[in-house]
Amino acid sequence: MFRFQLKLIIIFLLVALTGDNLRAVETQKYPPRLKRSECFLGVHFDFHAGNDCKEIGKNVDGEMIEYIIDQVHPDYLQTDCKGHPGLSSYPTKVGNPAPGFVKDTLKIWREVTARRGVGLYLHYSGVWDSTAVKQHPDWVRVDEKGKRDDRIISVFGPYVNELLIPQLKELSDNYQVDGMWVDGECWATECDYADNVIELFQKQTGIKNIPRKRKDSHWYEFSEFCRQGFRDYLNHYVTELHKHNPDFQIASNWAFTSMMPDPVTIDVDYISGDYSPQDSVNTARFEARCMVHQGKPWDLMAWSFTRVDTFFSTKTIPQLKREAAVVLALGGGFQAYFPQRRDGSVRKWQMKLMGAVAKFCRARQKFCHQGKPIPQIGLIYDTKAFYRQNNKLFSPGGILYPLRGILQALLESQNVVDVVMDHQLRSRMQDYPLLIYPEWNYIDPDFKAQLLAYVKEGGNLLIIGPGSAALFEKELNVELLGKPVTIVNGLEHNSWVAGLKTTSQKVKLSAMAQPYGKINSDNDLVSPLQPAASITSYGRGKIAATYINLGERYKNSATTVARNFLNDLVRKLFPDPLVEVTGSHYVDVIPTHINGKLALNLVNTAGPHSDSTCNVHDDIPPVGPLHITIRYSKKPQKVTLQPAGEPLSFQYQNGKISLNLPLLKIYDIILVD
């Protein structure tokens with residue numbers, strides 16, 4: 001009994017002491033902290049507390065957090081407060097606390113970060129809350145078979161008012177944290193077949209028959225109704241928290257990104273997402289381009305480890321540097337995710353990894369952060385087509401593989417490519433010399449009319465795949481014969497053939513349509529069946545189309561023929577790009593404007609980063625020499641290689657800068673003054 005009483009006294013004293021420290025945060029004059037809109041670099045920690053967490057805080061102290069800050073020098077830290085199981089890793093009075101606490105760790109995190117001028121954000125699982133689902137059957141999402149979900153709450157139910165908002169207010173008031181990174185949100189949300197949801201849908205739309213799968217009538221209407229339910233839920237809690245504390249900064253993980261490609265109509269303070277632990281370079285290439293034009297501060301989170309089944313392996317310093325580079329080159333902020341132990345403590349040895357990566361990032365910060373990409377090729381992400389083709393509400397599955405594959409093929413020919421959502425393009429189509437509409441099978445009539453007007457005025461449009469070509473059959477001056485079929489085709493280009501098992505379309509060209517490339521019946525040059533593509537004039541511009549799908553095949557089974565065919569077709573439509581780089585296919589080229597200067601970001605993408613048999617690697621082979629040509633209106637005063645500050649020799653003739661870069665290791669920036 002005495003030992004038990006002594007333990008209670010010790011815990012009381014520890015909590016009292018940390019409480020005193022936290023009150024000091026309110027009264028002492030600590031250094032100012034950056035707003036998230038100003039932040040460049042952070043570290044994320046979480047551990048999704050469960051019933052096994054009975055000694056939270058046992059190995060957490062101020063020295064641990066000081067060590068993280070000393071090693072990394074971050075703008076902000078993110079730590080756990082509630083994960084997907086729904087148990088809070090701090091002693092909440094309004095939610096569902098984990099079984100046991102030795103210390104209130106959030107008070108320690110806040111006291112140290114405030115004293116050091118570092119922002120503190122919390123990881124909180126929103127729509128996914130397994131404990132709330134068990135405790136409140138009336139809060140639960142119901143699936144298409146009438147079964148109550150065992151993980152996901154209903155965004156139409158009382159959860160947001162009775163748990164989420166009160167708990168976020170508690171965290172804001174009691175811990176003075178800077179904001180939230182809310183996880184398990186749009187990507188976890190599913191169609192909801194609860195009686196009250198169906199009744200509301202029927203009342204609002206007049207539709208009586210409820211679709212259960214995408215092929216059923218009114219699937220789009222019902223799924224859009226459920227999507228709007230999530231948007232309303234998100235808007236509600238963001239609005240309420242901003243009313244409660246205008247300085248409280250919120251992001252909903254993956255909202256207004258590739259998974260939810262909407263205009264930003266909700267007052268989130270920043271957008272963010274954690275990209276895949278495997279094939280991370282290709283994922284980051286795509287996801288960064290989906291965020292950069294959304295008009296909000298943005299960052300991407302790399303996982304510091306790979307995950308195969310339940311096995312984790314920590315990545316190497318070069319591996320994580322490159323994953324950061326892909327994000328930084330597009331002007332974004334970067335953070336990396338490190339799991340906490342089950343008591344909330346951090347594996348301090350891993351901070352040497354993040355410290356080295358942070359140094360690499362900081363050296364380049366003033367040359368890249370919040371740089372504005374220069375429009376060249378716009379790869380169209382059609383939001384309405386995405387929602388119509390998707391079996392889920394937001395989580396894309398394989399729907400975006402064609403888009404990602406086309407992006408990868410273009411980047412691996414050193415093209416400068418933006419991913420542009422249809423709503424982003426409506427006021428700025430003319431900024432892009434070339435737009436690409438890749439393998440969508442639906443287009444909004446108004447958007448199609450705008451694209452055609454863009455071409456009439458001198459723009460160029462490349463349509464990829466039979467499904468998209470069918471939407472522009474008249475304008476292409478072709479006749480599509482029969483239905484598309486998925487077979488093994490031989491794609492011929494420059495007297496070379498690649499076998500592709502993909503969807504192709506028989507086509508008859510009119511005299512006004514110029515053929516390009518060939519489709520053969522097999523991997524041979526003696527069996528041409530028809531053109532692989534065509535090009536035709538339309539007003540002052542041109543429209544081209546391929547009659548074979550290329551995107552998914554390139555993502556999952558890349559060939560040099562497909563890459564070169566696509567690149568040469570692009571050059572037919574857009575012969576004079578701003579930048580041309582030769583010497584390696586493994587260089588991403590991103591020109592930006594920053595501080596009134598042209599910055600040419602070059603990222604080395606060589607090595608086994610997409611090899612599923614190689615989860616951790618430490619050898620990124622350098623590429624070069626590279627020959628670089630930049631179209632520039634006047635002779636520059638100087639050209640330097642950053643972050644080294646090394647002057648580069650160059651020639652200037654006929655409005656072009658020409659130079660050679662002997663070697664590219666991971667990520668360098670050519671700055672033109």
# chains A, B, ... in the order shown; residues from 1 in each chain; ligands from 1

call {"tool": "residues_around", "arguments": {"residues": "segment 307-317 of chain A", "least_positions_apart": "5", "cutoff": "6 Å", "atoms": "only C-alpha atoms", "output": "compact mmCIF listing (two decimals) with N, CA and C atoms, in the first residue's frame"}}
result
# COMPACT_ATOMS: atom_id res chain seq x y z
N LEU A 353 19.99 10.80 -38.80
CA LEU A 353 19.47 10.77 -40.16
C LEU A 353 18.78 12.09 -40.49
N VAL A 616 15.80 -0.31 -49.04
CA VAL A 616 16.74 0.68 -48.50
C VAL A 616 18.00 0.64 -49.35
N ASP A 618 21.75 3.09 -50.40
CA ASP A 618 22.58 4.22 -50.01
C ASP A 618 23.47 4.71 -51.15

call {"tool": "closest_atom_pairs", "arguments": {"of": "segment 495-559 of chain A", "to": "segment 605-611 of chain A", "cutoff": "12 Å", "atoms": "only C-alpha atoms", "output": "Markdown table"}}
result
| residue | atom | partner | partner_atom | distance |
| --- | --- | --- | --- | --- |
| A:Lys555 | CA | A:Ser610 | CA | 10.1 |
| A:Asn556 | CA | A:Ser610 | CA | 10.1 |
| A:Ser557 | CA | A:Ser610 | CA | 11.6 |
| A:Ala558 | CA | A:Ser610 | CA | 11.5 |

call {"tool": "select_by_dssp", "arguments": {"residues": "segment 568-604 of chain A", "states": "strand (DSSP E)", "output": "number ranges by chain"}}
result
A: 579-582, 587-594, 597-604

call {"tool": "write_last_selection", "arguments": {"atoms": "C-alpha atoms", "output": "PDB file, in the first residue's frame"}}
result
ATOM      1  CA  VAL A 579      14.850  24.508 -70.924  1.00  0.00           C
ATOM      2  CA  GLU A 580      16.510  21.586 -72.658  1.00  0.00           C
ATOM      3  CA  VAL A 581      18.738  19.153 -70.754  1.00  0.00           C
ATOM      4  CA  THR A 582      20.653  16.289 -72.362  1.00  0.00           C
ATOM      5  CA  VAL A 587      17.149  14.305 -64.165  1.00  0.00           C
ATOM      6  CA  ASP A 588      14.000  16.151 -63.127  1.00  0.00           C
ATOM      7  CA  VAL A 589      14.014  19.709 -64.458  1.00  0.00           C
ATOM      8  CA  ILE A 590      12.013  22.374 -62.582  1.00  0.00           C
ATOM      9  CA  PRO A 591      12.482  26.049 -63.472  1.00  0.00           C
ATOM     10  CA  THR A 592      11.060  28.475 -60.905  1.00  0.00           C
ATOM     11  CA  HIS A 593      10.987  32.180 -60.222  1.00  0.00           C
ATOM     12  CA  ILE A 594      12.367  33.095 -56.801  1.00  0.00           C
ATOM     13  CA  LYS A 597      15.536  35.384 -60.443  1.00  0.00           C
ATOM     14  CA  LEU A 598      15.299  32.252 -62.547  1.00  0.00           C
ATOM     15  CA  ALA A 599      16.221  29.136 -60.601  1.00  0.00           C
ATOM     16  CA  LEU A 600      16.697  25.884 -62.494  1.00  0.00           C
ATOM     17  CA  ASN A 601      16.218  23.019 -60.047  1.00  0.00           C
ATOM     18  CA  LEU A 602      17.891  19.752 -61.099  1.00  0.00           C
ATOM     19  CA  VAL A 603      17.141  16.534 -59.187  1.00  0.00           C
ATOM     20  CA  ASN A 604      18.968  13.275 -59.864  1.00  0.00           C
TER      21      ASN A 604
END

call {"tool": "closest_residue", "arguments": {"among": "A:Cys226, A:Ala363, A:Ala533, A:Leu122", "to": "Lys508 of chain A", "atoms": "only C-alpha atoms"}}
result
A:Ala533

call {"tool": "residues_around", "arguments": {"residues": "Pro99 of chain A", "least_positions_apart": "3", "cutoff": "12 Å", "atoms": "only C-alpha atoms", "output": "number ranges by chain"}}
result
A: 49-56, 87-92, 96, 102, 342-343

call {"tool": "closest_atom_pairs", "arguments": {"of": "segment 328-409 of chain A", "to": "segment 570-576 of chain A", "cutoff": "12 Å", "atoms": "only C-alpha atoms", "output": "JSON lines"}}
result
{"residue": "A:Gln376", "atom": "CA", "partner": "A:Phe574", "partner_atom": "CA", "distance": 9.1}
{"residue": "A:Ile377", "atom": "CA", "partner": "A:Phe574", "partner_atom": "CA", "distance": 8.7}
{"residue": "A:Gly378", "atom": "CA", "partner": "A:Val570", "partner_atom": "CA", "distance": 11.7}
{"residue": "A:Leu379", "atom": "CA", "partner": "A:Val570", "partner_atom": "CA", "distance": 11.8}
{"residue": "A:Ile406", "atom": "CA", "partner": "A:Val570", "partner_atom": "CA", "distance": 11.7}
{"residue": "A:Ala409", "atom": "CA", "partner": "A:Val570", "partner_atom": "CA", "distance": 11.4}

call {"tool": "residues_around", "arguments": {"residues": "Asp262 of chain A", "least_positions_apart": "2", "cutoff": "10 Å", "atoms": "only C-alpha atoms", "output": "list in words"}}
result
Arg231, Ala255, Phe256, Thr257, Ser258, Met259, Met260, Val264, Thr265, Gln294, Thr383, Lys384, Met421, Asp422, His423 and Gln424 of chain A

call {"tool": "write_last_selection", "arguments": {"atoms": "N, CA and C atoms", "output": "PDB file, in the first residue's frame"}}
result
ATOM      1  N   ARG A 231     -16.951  17.309 -46.874  1.00  0.00           N
ATOM      2  CA  ARG A 231     -16.578  18.727 -46.991  1.00  0.00           C
ATOM      3  C   ARG A 231     -17.276  19.556 -45.912  1.00  0.00           C
ATOM      4  N   ALA A 255      -6.438  16.512 -47.750  1.00  0.00           N
ATOM      5  CA  ALA A 255      -7.501  17.350 -48.302  1.00  0.00           C
ATOM      6  C   ALA A 255      -6.902  18.347 -49.284  1.00  0.00           C
ATOM      7  N   PHE A 256      -7.579  18.548 -50.410  1.00  0.00           N
ATOM      8  CA  PHE A 256      -7.184  19.480 -51.462  1.00  0.00           C
ATOM      9  C   PHE A 256      -5.851  19.102 -52.108  1.00  0.00           C
ATOM     10  N   THR A 257      -5.691  17.808 -52.312  1.00  0.00           N
ATOM     11  CA  THR A 257      -4.496  17.263 -52.949  1.00  0.00           C
ATOM     12  C   THR A 257      -4.958  16.282 -54.025  1.00  0.00           C
ATOM     13  N   SER A 258      -4.095  15.342 -54.391  1.00  0.00           N
ATOM     14  CA  SER A 258      -4.469  14.354 -55.406  1.00  0.00           C
ATOM     15  C   SER A 258      -5.673  13.523 -54.987  1.00  0.00           C
ATOM     16  N   MET A 259      -5.855  13.309 -53.673  1.00  0.00           N
ATOM     17  CA  MET A 259      -6.957  12.472 -53.210  1.00  0.00           C
ATOM     18  C   MET A 259      -8.278  13.228 -53.138  1.00  0.00           C
ATOM     19  N   MET A 260      -8.188  14.534 -53.032  1.00  0.00           N
ATOM     20  CA  MET A 260      -9.381  15.383 -52.958  1.00  0.00           C
ATOM     21  C   MET A 260      -9.095  16.619 -53.803  1.00  0.00           C
ATOM     22  N   VAL A 264      -9.843  24.961 -53.143  1.00  0.00           N
ATOM     23  CA  VAL A 264      -9.768  25.116 -51.690  1.00  0.00           C
ATOM     24  C   VAL A 264     -10.857  26.089 -51.256  1.00  0.00           C
ATOM     25  N   THR A 265     -11.977  25.531 -50.837  1.00  0.00           N
ATOM     26  CA  THR A 265     -13.145  26.325 -50.437  1.00  0.00           C
ATOM     27  C   THR A 265     -13.337  26.330 -48.930  1.00  0.00           C
ATOM     28  N   GLN A 294      -2.433  25.007 -55.566  1.00  0.00           N
ATOM     29  CA  GLN A 294      -3.698  25.107 -54.842  1.00  0.00           C
ATOM     30  C   GLN A 294      -3.845  26.408 -54.047  1.00  0.00           C
ATOM     31  N   THR A 383     -10.859  16.817 -62.310  1.00  0.00           N
ATOM     32  CA  THR A 383     -11.499  16.471 -61.039  1.00  0.00           C
ATOM     33  C   THR A 383     -12.825  15.752 -61.242  1.00  0.00           C
ATOM     34  N   LYS A 384     -13.652  16.255 -62.146  1.00  0.00           N
ATOM     35  CA  LYS A 384     -14.971  15.644 -62.346  1.00  0.00           C
ATOM     36  C   LYS A 384     -14.839  14.252 -62.951  1.00  0.00           C
ATOM     37  N   MET A 421      -5.089  20.943 -62.187  1.00  0.00           N
ATOM     38  CA  MET A 421      -6.478  20.517 -62.067  1.00  0.00           C
ATOM     39  C   MET A 421      -7.351  21.416 -62.935  1.00  0.00           C
ATOM     40  N   ASP A 422      -8.463  20.879 -63.396  1.00  0.00           N
ATOM     41  CA  ASP A 422      -9.308  21.642 -64.325  1.00  0.00           C
ATOM     42  C   ASP A 422      -9.727  22.980 -63.752  1.00  0.00           C
ATOM     43  N   HIS A 423     -10.027  23.033 -62.448  1.00  0.00           N
ATOM     44  CA  HIS A 423     -10.463  24.307 -61.861  1.00  0.00           C
ATOM     45  C   HIS A 423      -9.316  25.309 -61.782  1.00  0.00           C
ATOM     46  N   GLN A 424      -8.069  24.841 -61.744  1.00  0.00           N
ATOM     47  CA  GLN A 424      -6.927  25.753 -61.737  1.00  0.00           C
ATOM     48  C   GLN A 424      -6.677  26.350 -63.117  1.00  0.00           C
TER      49      GLN A 424
END

call {"tool": "atom_distance", "arguments": {"atom1": "atom CA of Pro466 of chain A", "atom2": "atom CA of Gly482 of chain A"}}
result
11.1 Å

call {"tool": "residues_around", "arguments": {"residues": "Asp444 of chain A", "least_positions_apart": "2", "cutoff": "10 Å", "atoms": "only C-alpha atoms", "output": "PyMOL selection string"}}
result
chain A and resi 382-385+422+442+446-449

call {"tool": "select_by_dssp", "arguments": {"residues": "segment 68-151 of chain A", "states": "helix (DSSP H, G or I)", "output": "list of chain:residue names"}}
result
A:Ile68, A:Ile69, A:Asp70, A:Gln71, A:Val72, A:Thr105, A:Leu106, A:Lys107, A:Ile108, A:Trp109, A:Arg110, A:Glu111, A:Val112, A:Thr113, A:Ala114, A:Arg115, A:Arg116, A:Ser130, A:Thr131, A:Ala132, A:Val133, A:Lys134, A:Gln135, A:Pro137, A:Asp138, A:Trp139

call {"tool": "write_last_selection", "arguments": {"atoms": "N, CA and C atoms", "output": "compact mmCIF listing (two decimals), in the first residue's frame"}}
result
# COMPACT_ATOMS: atom_id res chain seq x y z
N ILE A 68 16.34 16.50 -30.04
CA ILE A 68 15.76 16.56 -31.39
C ILE A 68 16.01 17.94 -31.99
N ILE A 69 15.72 18.98 -31.23
CA ILE A 69 15.86 20.34 -31.73
C ILE A 69 17.33 20.66 -32.03
N ASP A 70 18.22 20.23 -31.17
CA ASP A 70 19.65 20.49 -31.39
C ASP A 70 20.18 19.77 -32.62
N GLN A 71 19.67 18.58 -32.89
CA GLN A 71 20.15 17.81 -34.03
C GLN A 71 19.57 18.34 -35.35
N VAL A 72 18.31 18.75 -35.34
CA VAL A 72 17.58 19.01 -36.58
C VAL A 72 17.37 20.50 -36.83
N THR A 105 2.92 13.90 -21.47
CA THR A 105 4.03 14.23 -22.37
C THR A 105 3.79 15.51 -23.16
N LEU A 106 2.53 15.84 -23.47
CA LEU A 106 2.27 17.03 -24.27
C LEU A 106 2.73 18.30 -23.56
N LYS A 107 2.63 18.31 -22.24
CA LYS A 107 3.10 19.48 -21.49
C LYS A 107 4.61 19.64 -21.63
N ILE A 108 5.30 18.52 -21.67
CA ILE A 108 6.76 18.59 -21.83
C ILE A 108 7.12 19.07 -23.24
N TRP A 109 6.46 18.50 -24.24
CA TRP A 109 6.71 18.93 -25.62
C TRP A 109 6.45 20.42 -25.77
N ARG A 110 5.33 20.91 -25.19
CA ARG A 110 5.00 22.33 -25.36
C ARG A 110 5.99 23.24 -24.64
N GLU A 111 6.37 22.88 -23.43
CA GLU A 111 7.27 23.75 -22.67
C GLU A 111 8.61 23.90 -23.38
N VAL A 112 9.17 22.78 -23.87
CA VAL A 112 10.48 22.83 -24.51
C VAL A 112 10.41 23.54 -25.86
N THR A 113 9.41 23.20 -26.68
CA THR A 113 9.33 23.82 -28.00
C THR A 113 9.06 25.32 -27.88
N ALA A 114 8.23 25.72 -26.93
CA ALA A 114 7.96 27.16 -26.75
C ALA A 114 9.24 27.88 -26.34
N ARG A 115 9.96 27.32 -25.42
CA ARG A 115 11.21 27.95 -24.96
C ARG A 115 12.23 28.06 -26.07
N ARG A 116 12.20 27.10 -27.01
CA ARG A 116 13.17 27.10 -28.11
C ARG A 116 12.65 27.79 -29.38
N SER A 130 -11.55 4.11 -33.95
CA SER A 130 -12.12 2.79 -33.64
C SER A 130 -12.79 2.75 -32.28
N THR A 131 -12.31 3.52 -31.31
CA THR A 131 -12.91 3.50 -29.98
C THR A 131 -14.27 4.20 -29.98
N ALA A 132 -14.34 5.36 -30.62
CA ALA A 132 -15.63 6.07 -30.69
C ALA A 132 -16.69 5.23 -31.38
N VAL A 133 -16.27 4.47 -32.40
CA VAL A 133 -17.19 3.60 -33.12
C VAL A 133 -17.76 2.52 -32.20
N LYS A 134 -16.91 1.94 -31.35
CA LYS A 134 -17.37 0.90 -30.42
C LYS A 134 -18.31 1.47 -29.37
N GLN A 135 -18.00 2.65 -28.90
CA GLN A 135 -18.77 3.23 -27.79
C GLN A 135 -20.10 3.83 -28.24
N PRO A 137 -22.66 3.41 -31.26
CA PRO A 137 -23.16 2.81 -32.52
C PRO A 137 -23.89 3.81 -33.41
N ASP A 138 -24.46 4.86 -32.82
CA ASP A 138 -25.19 5.84 -33.62
C ASP A 138 -24.25 6.83 -34.32
N TRP A 139 -22.94 6.76 -34.04
CA TRP A 139 -21.97 7.63 -34.71
C TRP A 139 -21.37 6.97 -35.95

call {"tool": "residues_around", "arguments": {"residues": "segment 234-244 of chain A", "least_positions_apart": "6", "cutoff": "7 Å", "atoms": "only C-alpha atoms", "output": "MDAnalysis selection string"}}
result
chainID A and resid 165 169 266:268

call {"tool": "write_last_selection", "arguments": {"atoms": "C-alpha atoms", "output": "compact mmCIF listing (two decimals), in the first residue's frame"}}
result
# COMPACT_ATOMS: atom_id res chain seq x y z
CA ILE A 165 -14.41 19.76 -31.66
CA LYS A 169 -10.55 22.93 -28.10
CA ILE A 266 -12.51 25.60 -46.74
CA ASP A 267 -10.31 27.78 -44.55
CA VAL A 268 -7.61 25.21 -43.78

call {"tool": "closest_residue", "arguments": {"among": "A:His136, A:Lys35, A:Lys145, A:His48", "to": "Lys213 of chain A", "atoms": "only C-alpha atoms"}}
result
A:Lys145

call {"tool": "closest_residue", "arguments": {"among": "A:Gly184, A:Gly206, A:Gly100, A:Gly344", "to": "Cys81 of chain A", "atoms": "only C-alpha atoms"}}
result
A:Gly344

call {"tool": "atom_distance", "arguments": {"atom1": "atom CA of Ile443 of chain A", "atom2": "atom CA of Glu144 of chain A"}}
result
28.0 Å

call {"tool": "closest_residue", "arguments": {"among": "A:Ala562, A:Ala336, A:Leu451, A:Leu529", "to": "Tyr275 of chain A", "atoms": "only C-alpha atoms"}}
result
A:Ala336

call {"tool": "closest_residue", "arguments": {"among": "A:Pro662, A:Pro74, A:Gly95, A:Pro166", "to": "Leu648 of chain A", "atoms": "only C-alpha atoms"}}
result
A:Pro662

call {"tool": "residues_around", "arguments": {"residues": "Gly551 of chain A", "least_positions_apart": "5", "cutoff": "7 Å", "atoms": "only C-alpha atoms", "output": "number ranges by chain"}}
result
A: 401-406

call {"tool": "closest_residue", "arguments": {"among": "A:Trp181, A:Phe338, A:Phe367, A:Tyr76", "to": "Gly596 of chain A", "atoms": "only C-alpha atoms"}}
result
A:Phe367

call {"tool": "decode", "arguments": {"residues": "segment 414-432 of chain A", "atoms": "N, CA and C atoms", "output": "tab-separated table (two decimals), in the first residue's frame"}}
result
chain	number	residue	atom	x	y	z
A	414	GLN	N	13.09	14.80	-69.60
A	414	GLN	CA	13.52	16.13	-69.15
A	414	GLN	C	12.56	17.23	-69.57
A	415	ASN	N	11.29	16.89	-69.66
A	415	ASN	CA	10.27	17.90	-69.87
A	415	ASN	C	9.92	18.60	-68.56
A	416	VAL	N	9.52	19.83	-68.66
A	416	VAL	CA	9.05	20.60	-67.51
A	416	VAL	C	7.53	20.45	-67.47
A	417	VAL	N	7.01	19.83	-66.41
A	417	VAL	CA	5.60	19.45	-66.38
A	417	VAL	C	4.95	19.89	-65.07
A	418	ASP	N	3.81	20.55	-65.18
A	418	ASP	CA	2.92	20.80	-64.04
A	418	ASP	C	1.74	19.84	-64.13
A	419	VAL	N	1.27	19.37	-62.98
A	419	VAL	CA	-0.05	18.73	-62.92
A	419	VAL	C	-1.04	19.84	-62.58
A	420	VAL	N	-2.01	20.05	-63.47
A	420	VAL	CA	-2.95	21.16	-63.28
A	420	VAL	C	-4.38	20.62	-63.25
A	421	MET	N	-5.09	20.94	-62.19
A	421	MET	CA	-6.48	20.52	-62.07
A	421	MET	C	-7.35	21.42	-62.93
A	422	ASP	N	-8.46	20.88	-63.40
A	422	ASP	CA	-9.31	21.64	-64.33
A	422	ASP	C	-9.73	22.98	-63.75
A	423	HIS	N	-10.03	23.03	-62.45
A	423	HIS	CA	-10.46	24.31	-61.86
A	423	HIS	C	-9.32	25.31	-61.78
A	424	GLN	N	-8.07	24.84	-61.74
A	424	GLN	CA	-6.93	25.75	-61.74
A	424	GLN	C	-6.68	26.35	-63.12
A	425	LEU	N	-7.09	25.63	-64.15
A	425	LEU	CA	-6.78	26.02	-65.52
A	425	LEU	C	-7.74	27.05	-66.10
A	426	ARG	N	-8.91	27.16	-65.54
A	426	ARG	CA	-9.96	27.92	-66.22
A	426	ARG	C	-9.58	29.37	-66.46
A	427	SER	N	-8.71	29.93	-65.65
A	427	SER	CA	-8.31	31.32	-65.85
A	427	SER	C	-6.88	31.47	-66.36
A	428	ARG	N	-6.21	30.34	-66.62
A	428	ARG	CA	-4.79	30.47	-67.00
A	428	ARG	C	-4.34	29.45	-68.04
A	429	MET	N	-5.24	28.99	-68.89
A	429	MET	CA	-4.85	28.03	-69.93
A	429	MET	C	-3.75	28.59	-70.82
A	430	GLN	N	-3.87	29.88	-71.14
A	430	GLN	CA	-2.92	30.47	-72.09
A	430	GLN	C	-1.50	30.53	-71.54
A	431	ASP	N	-1.32	30.31	-70.25
A	431	ASP	CA	0.03	30.28	-69.68
A	431	ASP	C	0.83	29.09	-70.18
A	432	TYR	N	0.13	28.05	-70.66
A	432	TYR	CA	0.79	26.80	-71.04
A	432	TYR	C	0.87	26.66	-72.55
